[in-house]
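Below you'll find the structure, written out as structure tokens, and then a few comments.
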Amino acid sequence: MITMKMNGLEVRAEEGWTILDTAKFYGLEIPTLCHHEGLTPYGACRLCLVEIGEGPKAKLVSSCTYPAEEGLVVHTDTKRVIQARRMMIELMLSVAPFSKTIQDLASKYGVTSMRFKIRNEECILCGLCVRMCAEQMDGKAIGFQNRGYQRKISTPFDIRSEECRLCGGCIYICPACQLRCQGPQAETAVCNACLTMDPTCLDYYDELQCWMYDAGRCGTCVREKK
Amino acid sequence: MSVNQTVNLDKVQEIIERHGGNKSKLISILQDIQAVYHYLPAEALKTISRLLKIPLIDIVSVATFYRAFSLKPRGKHVATVCMGTACHVRGAPKILEEFERQLQIKKGETSKDGEWSLESVACLGCCAIGPVVVVDGDYHAHTSIRKVPNILKKYRK
């Protein structure tokens, strides 16, 4: 058993668990996109960032790849973490604004504007389809090619692969393939149609997670503003 | 890129055997194949995949990741113009333009007669002798626009 601190709580993790596993076990919500049970952790989307350590030495790590350690101090929802997550959502929005999954994440985590140039690449290179193909379907038909800004996912030589059995696993798991509600004709970069919650109090209450999306109002978590 | 181009695969097999059929020698194998054919033929990659039991996509990933490998046929002679910072400030872009004019191809292209390919590289690490142009492994130091025709003449016979 590994004992560590998470949002001020003493938690126990089993050998081989990641920070994300531990947080899930204790019901602490950490958003994920490129993580999927049954596939190896990849750490590509950086949505599951958490802060480890304390004071000026605290750093951001992806919780899906970071193993639970004895005596680790983890904060899952500090101001810094929230800002980093919002930035990641914003960056992903600029690449794939037509994705419903990403638009939903933007609404949920309060991303109301997108400051980057829209690129419409319809792929965020999360690697889910590549891992799905290789690990679950035993296909190994698709993979990453080129590098840097030219990186893309494709079959060898961009023709139909002999290994592909048309199982559709890659499309099933793709977070960018499901179109947003307004369809591809949408003009705005950010949808935010289901953004009904009030601004959360996360900026003031560092270690609170409000299950009602009603942070601070019900009174159970009342604290002084800093 | 023609996928069905016929390639003498005995050489490929020989190269793989020379490296002991070792999966971890993939890059060395690709380099040797590139040295023989001047590019990586699709058929050769498929042969490697079959003999070394590596998924084809993994080989393609490696081959497309490194600039040193080319999946498209390249010319007999490859001219590489260094565009690193030191060469850049000494006029490398102008030299590249001159090569483009003389060979009538753009950067990254191969001439129609299959004689010349033109490429640029970020830095060759020999900034003191810049601007540098490498043709078929020969380094040409302190190049200028005026020296370009002479360099080309050497390889044109």
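In the structure tokens, each chain is lettered A, B, ... as it comes, each chain's residues begin at 1, and ligands are numbered from 1 in order of appearance.
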
Worksheet item: Using only C-alpha atoms, which chain A residues lie at most 6 Å away from chain B, written as a PyMOL selection string?
Response: chain A and resi 143-147+156

So that I can check the secondary structure, give me every residue of range 5-153 of chain B assigned strand (DSSP E or B) by backbone DSSP, as a PDB file with N, CA and C atoms, in the first residue's frame.
ATOM      1  N   HIS B  77      22.400  12.624 -58.159  1.00  0.00           N
ATOM      2  CA  HIS B  77      23.148  13.535 -57.312  1.00  0.00           C
ATOM      3  C   HIS B  77      22.183  14.273 -56.401  1.00  0.00           C
ATOM      4  N   VAL B  78      22.573  14.406 -55.140  1.00  0.00           N
ATOM      5  CA  VAL B  78      21.746  15.141 -54.188  1.00  0.00           C
ATOM      6  C   VAL B  78      22.534  16.364 -53.715  1.00  0.00           C
ATOM      7  N   ALA B  79      21.998  17.545 -53.993  1.00  0.00           N
ATOM      8  CA  ALA B  79      22.630  18.772 -53.512  1.00  0.00           C
ATOM      9  C   ALA B  79      21.890  19.238 -52.270  1.00  0.00           C
ATOM     10  N   THR B  80      22.611  19.415 -51.187  1.00  0.00           N
ATOM     11  CA  THR B  80      22.012  19.845 -49.930  1.00  0.00           C
ATOM     12  C   THR B  80      22.589  21.197 -49.538  1.00  0.00           C
ATOM     13  N   VAL B  81      21.725  22.192 -49.441  1.00  0.00           N
ATOM     14  CA  VAL B  81      22.173  23.530 -49.068  1.00  0.00           C
ATOM     15  C   VAL B  81      21.912  23.724 -47.583  1.00  0.00           C
ATOM     16  N   CYS B  82      22.933  24.125 -46.839  1.00  0.00           N
ATOM     17  CA  CYS B  82      22.764  24.348 -45.406  1.00  0.00           C
ATOM     18  C   CYS B  82      22.040  25.666 -45.179  1.00  0.00           C
ATOM     19  N   THR B 110      12.905  16.553 -57.342  1.00  0.00           N
ATOM     20  CA  THR B 110      13.899  15.837 -58.151  1.00  0.00           C
ATOM     21  C   THR B 110      13.663  16.205 -59.609  1.00  0.00           C
ATOM     22  N   TRP B 116      19.202  15.141 -60.647  1.00  0.00           N
ATOM     23  CA  TRP B 116      19.445  15.990 -59.485  1.00  0.00           C
ATOM     24  C   TRP B 116      18.271  16.032 -58.515  1.00  0.00           C
ATOM     25  N   SER B 117      18.625  16.051 -57.228  1.00  0.00           N
ATOM     26  CA  SER B 117      17.651  16.363 -56.190  1.00  0.00           C
ATOM     27  C   SER B 117      18.206  17.534 -55.401  1.00  0.00           C
ATOM     28  N   LEU B 118      17.318  18.410 -54.970  1.00  0.00           N
ATOM     29  CA  LEU B 118      17.749  19.576 -54.207  1.00  0.00           C
ATOM     30  C   LEU B 118      17.086  19.555 -52.839  1.00  0.00           C
ATOM     31  N   GLU B 119      17.919  19.716 -51.806  1.00  0.00           N
ATOM     32  CA  GLU B 119      17.370  19.692 -50.461  1.00  0.00           C
ATOM     33  C   GLU B 119      18.021  20.766 -49.610  1.00  0.00           C
ATOM     34  N   SER B 120      17.376  21.075 -48.511  1.00  0.00           N
ATOM     35  CA  SER B 120      18.012  21.989 -47.567  1.00  0.00           C
ATOM     36  C   SER B 120      18.108  21.285 -46.224  1.00  0.00           C
ATOM     37  N   VAL B 121      19.029  21.737 -45.410  1.00  0.00           N
ATOM     38  CA  VAL B 121      19.215  21.117 -44.100  1.00  0.00           C
ATOM     39  C   VAL B 121      19.345  22.241 -43.076  1.00  0.00           C
ATOM     40  N   VAL B 133      27.523  23.863 -48.984  1.00  0.00           N
ATOM     41  CA  VAL B 133      26.679  23.056 -49.848  1.00  0.00           C
ATOM     42  C   VAL B 133      27.289  21.668 -49.907  1.00  0.00           C
ATOM     43  N   VAL B 134      26.475  20.642 -49.711  1.00  0.00           N
ATOM     44  CA  VAL B 134      26.975  19.273 -49.783  1.00  0.00           C
ATOM     45  C   VAL B 134      26.392  18.619 -51.026  1.00  0.00           C
ATOM     46  N   VAL B 135      27.271  18.131 -51.892  1.00  0.00           N
ATOM     47  CA  VAL B 135      26.804  17.379 -53.059  1.00  0.00           C
ATOM     48  C   VAL B 135      27.381  15.977 -52.973  1.00  0.00           C
ATOM     49  N   ASP B 138      30.232  15.395 -50.654  1.00  0.00           N
ATOM     50  CA  ASP B 138      31.375  16.304 -50.698  1.00  0.00           C
ATOM     51  C   ASP B 138      30.959  17.669 -50.164  1.00  0.00           C
ATOM     52  N   TYR B 139      31.764  18.208 -49.266  1.00  0.00           N
ATOM     53  CA  TYR B 139      31.455  19.511 -48.690  1.00  0.00           C
ATOM     54  C   TYR B 139      32.080  20.623 -49.530  1.00  0.00           C
ATOM     55  N   HIS B 140      31.288  21.595 -49.904  1.00  0.00           N
ATOM     56  CA  HIS B 140      31.801  22.744 -50.630  1.00  0.00           C
ATOM     57  C   HIS B 140      31.718  23.948 -49.703  1.00  0.00           C
TER      58      HIS B 140
END

Pick out the residues sitting within 12 Å of Cys167 in chain A, and hand them over as a compact mmCIF listing (two decimals) with C-alpha atoms, in the first residue's frame; count only C-alpha atoms, and ignore anything fewer than 2 positions along from it in its own chain.
# COMPACT_ATOMS: atom_id res chain seq x y z
CA CYS A 129 -7.03 5.02 -32.72
CA MET A 132 -6.96 0.75 -30.30
CA CYS A 133 -5.81 -0.76 -33.60
CA GLN A 136 -7.32 -4.29 -28.88
CA MET A 137 -7.81 -5.19 -32.53
CA ASP A 138 -4.31 -6.57 -33.10
CA GLY A 139 -4.32 -4.80 -36.43
CA ALA A 141 -2.80 -0.88 -39.69
CA GLU A 163 -3.71 -5.37 -42.07
CA CYS A 164 -6.93 -3.34 -41.87
CA ARG A 165 -10.01 -5.48 -41.36
CA GLY A 169 -12.45 0.43 -33.83
CA CYS A 170 -10.50 3.56 -34.69
CA ILE A 171 -13.63 5.51 -35.59
CA TYR A 172 -15.47 4.20 -32.54
CA ILE A 173 -12.84 5.54 -30.18

Worksheet entry | All helix (DSSP H, G or I) positions in range 13-155 of chain B, as number ranges by chain | B: 13-18, 23-37, 42-52, 56-65, 85-89, 92-103, 127-129, 145-155

Worksheet entry | Test item: residues at most 12 Å from Glu187 in chain A, only C-alpha atoms, excluding those fewer than 3 positions along its chain, as a PyMOL selection string | chain A and resi 97-98+118+180+182-184+190-191

Would you save the residues of that selection, restricted to N, CA and C atoms, as a PDB file, in the first residue's frame?
ATOM      1  N   PRO A  97     -12.206  22.165 -34.174  1.00  0.00           N
ATOM      2  CA  PRO A  97     -13.394  22.819 -33.605  1.00  0.00           C
ATOM      3  C   PRO A  97     -14.697  22.095 -33.924  1.00  0.00           C
ATOM      4  N   PHE A  98     -14.663  21.137 -34.828  1.00  0.00           N
ATOM      5  CA  PHE A  98     -15.903  20.439 -35.187  1.00  0.00           C
ATOM      6  C   PHE A  98     -16.209  19.271 -34.275  1.00  0.00           C
ATOM      7  N   ILE A 118      -7.889  29.025 -36.360  1.00  0.00           N
ATOM      8  CA  ILE A 118      -8.522  27.722 -36.566  1.00  0.00           C
ATOM      9  C   ILE A 118      -7.792  26.964 -37.665  1.00  0.00           C
ATOM     10  N   ARG A 180     -19.894  18.307 -33.904  1.00  0.00           N
ATOM     11  CA  ARG A 180     -20.596  19.118 -32.925  1.00  0.00           C
ATOM     12  C   ARG A 180     -22.038  19.345 -33.372  1.00  0.00           C
ATOM     13  N   GLN A 182     -23.955  21.770 -34.127  1.00  0.00           N
ATOM     14  CA  GLN A 182     -24.329  22.636 -35.241  1.00  0.00           C
ATOM     15  C   GLN A 182     -23.807  22.133 -36.579  1.00  0.00           C
ATOM     16  N   GLY A 183     -23.080  21.049 -36.564  1.00  0.00           N
ATOM     17  CA  GLY A 183     -22.565  20.505 -37.810  1.00  0.00           C
ATOM     18  C   GLY A 183     -21.364  21.272 -38.319  1.00  0.00           C
ATOM     19  N   PRO A 184     -20.866  20.857 -39.463  1.00  0.00           N
ATOM     20  CA  PRO A 184     -19.629  21.467 -39.971  1.00  0.00           C
ATOM     21  C   PRO A 184     -19.806  22.902 -40.470  1.00  0.00           C
ATOM     22  N   VAL A 190     -16.134  28.328 -30.773  1.00  0.00           N
ATOM     23  CA  VAL A 190     -16.562  27.737 -29.513  1.00  0.00           C
ATOM     24  C   VAL A 190     -18.072  27.651 -29.492  1.00  0.00           C
ATOM     25  N   CYS A 191     -18.589  26.516 -29.100  1.00  0.00           N
ATOM     26  CA  CYS A 191     -20.038  26.302 -29.092  1.00  0.00           C
ATOM     27  C   CYS A 191     -20.660  26.854 -27.809  1.00  0.00           C
TER      28      CYS A 191
END

Worksheet item: CA of Val74 in chain A and CA of Leu9 in chain A are how many Å apart?
Response: 9.5 Å

At a cut-off of 8 Å, using only C-alpha atoms, what residues contact Ile102 in chain A? Leave out same-chain residues fewer than 6 positions from it and give the result as a compact mmCIF listing (two decimals) with N, CA and C atoms, in the first residue's frame.
# COMPACT_ATOMS: atom_id res chain seq x y z
N ILE A 89 -7.46 22.73 -23.70
CA ILE A 89 -8.75 22.64 -24.41
C ILE A 89 -8.78 23.66 -25.53
N MET A 92 -6.72 22.49 -28.40
CA MET A 92 -7.37 21.40 -29.14
C MET A 92 -8.55 21.93 -29.96
N LEU A 93 -9.24 22.95 -29.39
CA LEU A 93 -10.34 23.58 -30.13
C LEU A 93 -9.85 24.17 -31.44
N ALA A 96 -9.34 21.14 -33.85
CA ALA A 96 -10.52 20.36 -34.23
C ALA A 96 -11.79 20.98 -33.66
N PRO A 175 -12.08 10.78 -30.56
CA PRO A 175 -12.80 11.88 -29.90
C PRO A 175 -13.08 13.05 -30.83
N ALA A 176 -12.50 13.02 -32.03
CA ALA A 176 -12.67 14.16 -32.93
C ALA A 176 -13.64 13.84 -34.06

Worksheet, complete the sentence: Using only C-alpha atoms, the best pick from A:Ala68, A:Met1, A:Cys45, A:Met114 as closest to Asp21 in chain A would be A:Ala68

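In this model, the gap between CA of Val111 in chain A and CA of Leu91 in chain A comes to 10.7 Å.
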
Item to complete: Find the residues near His75 in chain A: any atom within 8 Å, counting only C-alpha atoms, skip ones fewer than 6 places away on the same chain, and give them as a PyMOL selection string.
Response: chain A and resi 6-8+50-52+207

Worksheet item: Residues at most 10 Å from Cys34 in chain A, counting only C-alpha atoms, excluding those fewer than 3 positions away in the same chain, as number ranges by chain?
Response: A: 31, 39-48, 64, 124-129, 173-175

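Here CA of Ser94 in chain A and CA of Ala189 in chain A stand 7.4 Å from one another.
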
Response to the item:
Counting only C-alpha atoms, closest pick from B:Glu43, B:Glu109, B:Glu115, B:Asp136 relative to Val12 in chain B is B:Glu43
